[in-house]
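Asks: Sharing a structure here in structure tokens format.
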Amino acid sequence: MAKIWREAAKSRLAPACQKGYFQANTACMKKLTIFLVITCLASELTAQGRLADYQRAERLNAALQNTVLFAPEKIQWLPDGRSFSYLQNTARGKEFFRVDAATAEKKPLFDPVKLAASLGAAIGRTLSPFALPFTDFIFTDNGTGIETRIDSMVCACTLEDAGCRVLRKTGSRAPSGYWGDRDNENELHYVLSPDGKQQAFIREYNLYVSPAGKPEAATRYSFDGSEGEYYSNRIYWSPDGRHIAAAKIRANKPHLIYLVESSPVDQLQPKLHTRNYLKPGDALPQKTISIFEAGSKRQMTMDAAQIPEQYQVDRITWLDNSAAIRFDYNKRGHQRYSVFEMDTTGGVKELIREESNTFINYSGRYYRYDLSSGKEIIWASERDGWNHLYLYDNNGKVKNQITSGNWLVRRVLNVDEKARQIWFEGSGRESGMDPYFIQYYRVNFDGSGLTALTTENANHRAWFSPGYEWLVDQYSRLDMPPVTVLRDAQTGKIIQAIEKANIDKLLATGWQWPAVFTAPGRDGKTDIWGMIVFPSNYDPKKKYPVIEYIYAGPHDSFVPKSFVTDSRGSLHELAELGFIVVQCDGMGTANRSKAFHDVCWRNLKDAGFPDRMAWMKAAAKKYPSMDISRVGIFGNSAGGQSSMGALLFHPAFYKVAVSSSGCHDNRMDKMWWNEQWMGYPIGEQYAASSNVTHAGNLQGKVLLILGELDDNVDPSSTMQLINALVKNNKEFDFLYVPGMGHSLGGDYGEHKRRDFFVRHLLGVEPPAWGWKQVVGTPKP
């Protein structure tokens, strides 16, 4: 206020309102009062990072809920194969519908008033017909009923009369297994023969076969198994029951990480947890494949020298004619991937061999389909620089390339062997569109008849009927609400318009459309695509600091392509504090060409930063309100690694970072993800990409966030970074959250992150925390 009075004294009111004079001059007082009110309002309107901004950001998420009407979700086909159901928000609330694809009849899936009354009576609650306590269900009784879970109850309802009952009470859901745990392949499991008369199993590390249900009458088939090299209980009978395939495993040493739970809810003293967690360079199990002849016990074993240095040997399958098994071999380092065939005489041939000077994207681009009797194989490969499909014969010769061009097959959906046709998702084929947009296609095995089933300039998502006669297609863009139609799955012709979204309620909240923006990357020619999020009170005449949300993991691309009201990272809420928030996919991420992807090879510290900086500079030319002299960045997991790396490797551009759950040295993280991109054997490239190694380069302001129970990225990775920062006498902030796992920080961490950016990018002291009560353990 004192500053405003000083401004008033300098204004054109000063000559008429000298000190002592205006106190007796009513006209002067009115003028000065108006001046002060206008000045205060202007100050409030132009302020950033103030209490009002925090309150508006806090309200935004709730305000956006249920503001998009007539946008179907939970789409699923009924067992009859000709009808589908969906859920959507309408002016009345949540409503369920059913559409008959053959007749185009659309009607409610059930009577919501009757069902609410019946279900409410069954579970002892009063229910609203248009706010039922479930969204997911399965069809039962050939589509005449549904089954759903509500709290700890499994409930069943008939659709015709809307009668409901509680089937059973279930208690809490069982926790899923930890991703790092490998199956114990030495445990006792009985595997029945196809006719159910015999069973195979492992006893004392070797293969045995007995009559079904009579293990005491077993016959020993192998004799070379031992504690250190045992036969796996994953046993494969041939379809005719005359042969058995099995693998002998030379086990590796487990790698455990240790997590201390400092504040358990059920006791005072801390708890120690362990996790199986293989890291780059650790030893892996090695397998030897054998086929046994049932009855004679004759054993045929593959020469292990044909599959050396295994990362994985898996997908063991019998041909349907029982003539041979096929299996995949991924050599460690992911630069060779092969498909082998071993017949019942012990003969072995390599049918397919993929090799790469960088990496084979087995975790994201793998596809193999063995046609009847193994006469042909459909195989996905990036050998021509794009992910495409190839047709092989049973001798490993390429008969023809099925798809081709400067675009890629994203996912195979269906193979019709009789019609010799394939349905698949693709992207980048249609000119004039975002190359990440998914479209749907059908093609013949010989590569002819490629048909685009969807063509609209948007990102498509389809639900095909079980027989592939129809597809429900929902398409949208960040700047276009969803449209849902029914199409013919052979031609793509629209049969029926289902719904067109209405966003009037959304726009009434003041929500701003994200801007889709593209600009050339580091090479000056490859388009980089991203989005820009503005605050609801955006003023193009003002200057806003820029915050980038980053996730640069090479396994995918991450900028949303379909219509969303908000995205991961709560970008719209963050923008409300007075920022422009951006997200883009730089080189090194997936879903473009192989060359685009290869930028990450042995160089995860690159993270596409040269492309990201070029993209933001171009965006600032189009939107001068973007102040790229004040750029912040945040991310989680691999994004935590990249956000910290931004300050270490590009401090001239990035000034402030918040890094949560970061993998700060790829040698400390999980084997499968890091060896895929950083390579094997472990070499100097790992240290070159390590934030720990380069901690002494830190410039700018950084907040590190870590959950003590993070079992996705070893918490020691962040602690080793902190150790290096301390040794290099670097200033940093650190939030350690008891009881939290792999997370951006939960509600508490979100508040700290917002404050950190407000303080260091806006230069404003955030409002005291009293305005919002923060209680309990942050949500993971």
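Every chain in the structure tokens takes a letter, A first, then B, and so on in the order presented; its residues are numbered from 1, and the ligands are numbered from 1 following the presented order.
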Fewer than 3 positions away in the same chain doesn't count, so skip those; otherwise give me all residues within 8 Å of A:Gly145, counting only C-alpha atoms, as an MDAnalysis selection string.
Replies: chainID A and resid 139:142 156:159
Asks: Please extract the residues of stretch 542-677 of chain A with a backbone DSSP assignment of strand (DSSP E) and present them as a PyMOL selection string.
Replies: chain A and resi 544-549+580-585+626-636+656-660
Asks: Output C-alpha atoms for every residue in the selection just made, as a short mmCIF file (atom, residue, chain, number, x, y, z; two decimals), in the first residue's frame.
Replies:
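Result file again_7.cif:
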data_model
loop_
_atom_site.label_atom_id
_atom_site.label_comp_id
_atom_site.auth_asym_id
_atom_site.auth_seq_id
_atom_site.Cartn_x
_atom_site.Cartn_y
_atom_site.Cartn_z
CA TYR A 544 5.26 -15.77 -17.97
CA PRO A 545 8.05 -18.07 -16.82
CA VAL A 546 8.00 -21.41 -18.64
CA ILE A 547 7.92 -24.79 -16.89
CA GLU A 548 8.55 -27.99 -18.82
CA TYR A 549 7.09 -31.28 -17.68
CA ILE A 580 3.10 -21.31 -19.08
CA VAL A 581 3.60 -25.07 -18.90
CA VAL A 582 4.87 -27.11 -21.84
CA GLN A 583 5.47 -30.73 -22.77
CA CYS A 584 7.08 -32.17 -25.90
CA ASP A 585 8.60 -35.39 -27.23
CA MET A 626 6.76 -17.08 -22.96
CA ASP A 627 9.77 -15.80 -21.01
CA ILE A 628 12.45 -18.34 -21.85
CA SER A 629 14.98 -16.51 -19.72
CA ARG A 630 13.11 -18.10 -16.80
CA VAL A 631 12.66 -21.80 -17.55
CA GLY A 632 11.93 -24.48 -14.98
CA ILE A 633 11.53 -28.23 -15.41
CA PHE A 634 10.13 -31.13 -13.42
CA GLY A 635 9.64 -34.86 -13.84
CA ASN A 636 9.40 -38.18 -12.09
CA VAL A 656 15.05 -24.32 -11.71
CA ALA A 657 14.25 -28.03 -11.41
CA VAL A 658 12.14 -30.31 -9.25
CA SER A 659 13.24 -33.92 -9.53
CA SER A 660 11.25 -36.73 -7.93
#
Asks: Tell me which of A:Tyr748, A:Phe292, A:Tyr205, A:Phe84 sits closest to A:Gly241, counting only C-alpha atoms.
Replies: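 Using only C-alpha atoms, A:Gly241 sits closest to A:Phe292.
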Asks: Tell me, in Å to one decimal, how far atom CA of A:Lys279 is from atom CA of A:Asp665.
Replies: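 Value for the atom CA of A:Lys279-atom CA of A:Asp665 distance: 11.1 Å.
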Asks: Determine the nearest neighbour of A:Val533 from the options A:Leu703, A:Asp556, A:Gly578, A:Ser363, counting only C-alpha atoms.
Replies: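 Nearest candidate to A:Val533 out of A:Leu703, A:Asp556, A:Gly578, A:Ser363: A:Gly578.
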Asks: Extract, using only C-alpha atoms, all DNA, RNA and protein residues at most 7 Å from A:Tyr392, discarding same-chain residues fewer than 6 positions from it, and format them as a list in words.
Replies: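 In the requested format, the answer is Glu376, Ile377, Ile378, Val398 and Lys399 of chain A.
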Asks: Could you take the residues named above and write them with C-alpha atoms, as a PDB file, in the first residue's frame?
Replies:
ATOM      1  CA  GLU A 376       4.286 -69.040 -42.254  1.00  0.00           C
ATOM      2  CA  ILE A 377       5.249 -66.409 -39.677  1.00  0.00           C
ATOM      3  CA  ILE A 378       4.150 -62.782 -39.414  1.00  0.00           C
ATOM      4  CA  VAL A 398      11.042 -63.579 -46.304  1.00  0.00           C
ATOM      5  CA  LYS A 399       8.154 -64.116 -48.713  1.00  0.00           C
TER       6      LYS A 399
END
Asks: Can you tell me which residues surround A:Phe97 at a distance of at most 9 Å, considering only C-alpha atoms, apart from same-chain residues fewer than 5 positions away, and format the answer as a compact mmCIF listing (two decimals) with C-alpha atoms, in the first residue's frame?
Replies:
# COMPACT_ATOMS: atom_id res chain seq x y z
CA PHE A 84 -21.94 -52.78 -27.37
CA SER A 85 -22.40 -50.72 -24.24
CA TYR A 86 -20.87 -47.53 -22.93
CA LEU A 87 -21.01 -45.07 -20.05
CA GLN A 88 -21.13 -41.29 -20.45
CA LYS A 106 -29.73 -47.23 -29.16
CA LYS A 107 -31.33 -47.50 -25.74
CA PRO A 108 -30.45 -47.41 -22.03
CA LEU A 109 -28.57 -50.51 -20.89
CA PHE A 110 -30.99 -50.81 -17.97
Asks: Can you tell me, as a PDB file with all heavy atoms, in the first residue's frame, what residues are no more than 8 Å from A:Arg50 when counting only C-alpha atoms, ignoring any on the same chain fewer than 5 positions away?
Replies:
ATOM      1  N   LEU A 577      -0.833 -20.729 -11.390  1.00  0.00           N
ATOM      2  CA  LEU A 577      -0.015 -19.935 -10.471  1.00  0.00           C
ATOM      3  C   LEU A 577       0.719 -18.793 -11.181  1.00  0.00           C
ATOM      4  O   LEU A 577       1.345 -17.966 -10.523  1.00  0.00           O
ATOM      5  CB  LEU A 577       0.998 -20.826  -9.760  1.00  0.00           C
ATOM      6  CG  LEU A 577       0.413 -21.984  -8.943  1.00  0.00           C
ATOM      7  CD1 LEU A 577       1.530 -22.728  -8.224  1.00  0.00           C
ATOM      8  CD2 LEU A 577      -0.605 -21.479  -7.942  1.00  0.00           C
ATOM      9  N   VAL A 764       8.578 -14.596  -6.020  1.00  0.00           N
ATOM     10  CA  VAL A 764       7.536 -14.231  -5.069  1.00  0.00           C
ATOM     11  C   VAL A 764       7.570 -15.225  -3.922  1.00  0.00           C
ATOM     12  O   VAL A 764       7.718 -16.431  -4.133  1.00  0.00           O
ATOM     13  CB  VAL A 764       6.146 -14.253  -5.749  1.00  0.00           C
ATOM     14  CG1 VAL A 764       5.038 -14.032  -4.733  1.00  0.00           C
ATOM     15  CG2 VAL A 764       6.077 -13.199  -6.839  1.00  0.00           C
ATOM     16  N   PRO A 766       5.814 -17.572  -1.595  1.00  0.00           N
ATOM     17  CA  PRO A 766       4.489 -18.212  -1.640  1.00  0.00           C
ATOM     18  C   PRO A 766       3.684 -17.898  -0.389  1.00  0.00           C
ATOM     19  O   PRO A 766       4.239 -17.584   0.671  1.00  0.00           O
ATOM     20  CB  PRO A 766       4.826 -19.709  -1.712  1.00  0.00           C
ATOM     21  CG  PRO A 766       6.243 -19.773  -2.172  1.00  0.00           C
ATOM     22  CD  PRO A 766       6.912 -18.555  -1.643  1.00  0.00           C
ATOM     23  N   PRO A 767       2.359 -17.999  -0.499  1.00  0.00           N
ATOM     24  CA  PRO A 767       1.521 -17.746   0.686  1.00  0.00           C
ATOM     25  C   PRO A 767       1.781 -18.781   1.775  1.00  0.00           C
ATOM     26  O   PRO A 767       2.140 -19.924   1.495  1.00  0.00           O
ATOM     27  CB  PRO A 767       0.091 -17.853   0.143  1.00  0.00           C
ATOM     28  CG  PRO A 767       0.206 -18.619  -1.129  1.00  0.00           C
ATOM     29  CD  PRO A 767       1.545 -18.293  -1.699  1.00  0.00           C
TER      30      PRO A 767
END
Asks: Give the answer as one residue: which of A:Arg612, A:Arg759, A:Arg410, A:Arg82 has the shortest atom-to-atom distance to A:Asp523, using only C-alpha atoms?
Replies: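 Distance minimum relative to A:Asp523 lands on A:Arg612.
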Asks: Work out how far apart atom CA of A:Gly763 and atom CA of A:Gln512 are and give it in Å to one decimal.
Replies: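 Distance reported for this atom pair: 24.8 Å.
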Asks: Which residues are close to stretch 732-734 of chain A, i.e. within 6 Å by only C-alpha atoms, leaving aside same-chain residues fewer than 4 positions away? Reply as an NGL selection string.
Replies: :A and (702-705)
Asks: Considering only C-alpha atoms, return as a PDB file with C-alpha atoms, in the first residue's frame whatever protein or nucleic-acid residues lie within 8 Å of A:Thr509, sequence-local ones (same chain, fewer than 2 positions apart) excluded.
Replies:
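Contents of around_24.pdb, as written:
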ATOM      1  CA  ALA A  63     -14.289 -27.551 -11.294  1.00  0.00           C
ATOM      2  CA  LEU A  64     -13.267 -29.620 -14.326  1.00  0.00           C
ATOM      3  CA  LYS A 505     -19.720 -26.574 -19.079  1.00  0.00           C
ATOM      4  CA  LEU A 506     -15.955 -26.993 -19.380  1.00  0.00           C
ATOM      5  CA  LEU A 507     -15.480 -23.706 -21.206  1.00  0.00           C
ATOM      6  CA  TRP A 511     -10.437 -23.511 -18.831  1.00  0.00           C
TER       7      TRP A 511
END
Asks: Have a look at A:Phe756, A:Phe534, A:Tyr367, A:Tyr436 and name the one nearest to A:Leu571; count only C-alpha atoms.
Replies: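 Selected residue with least distance to A:Leu571: A:Phe534.
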Asks: Identify which of the residues A:Leu698, A:Leu51, A:Ala305, A:Val166 lies closest to A:Phe649, counting only C-alpha atoms when measuring atom-to-atom distances.
Replies: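 Checking each candidate against A:Phe649, we get A:Leu698 as the closest.
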Asks: Using only C-alpha atoms, can you tell me which of A:Arg98, A:Arg165, A:Lys297, A:Arg667 comes closest to A:Ala117?
Replies: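 Among the listed residues, A:Arg165 lies closest to A:Ala117.
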Asks: Which residues in stretch 81-275 of chain A does DSSP call helix (DSSP H, G or I)? List them as a PyMOL selection string.
Replies: chain A and resi 112-123+141-143+215-217
Asks: Could you tell me how far atom CA of A:Pro133 lies from atom CA of A:Ile75, in Å and to one decimal?
Replies: 17.6 Å
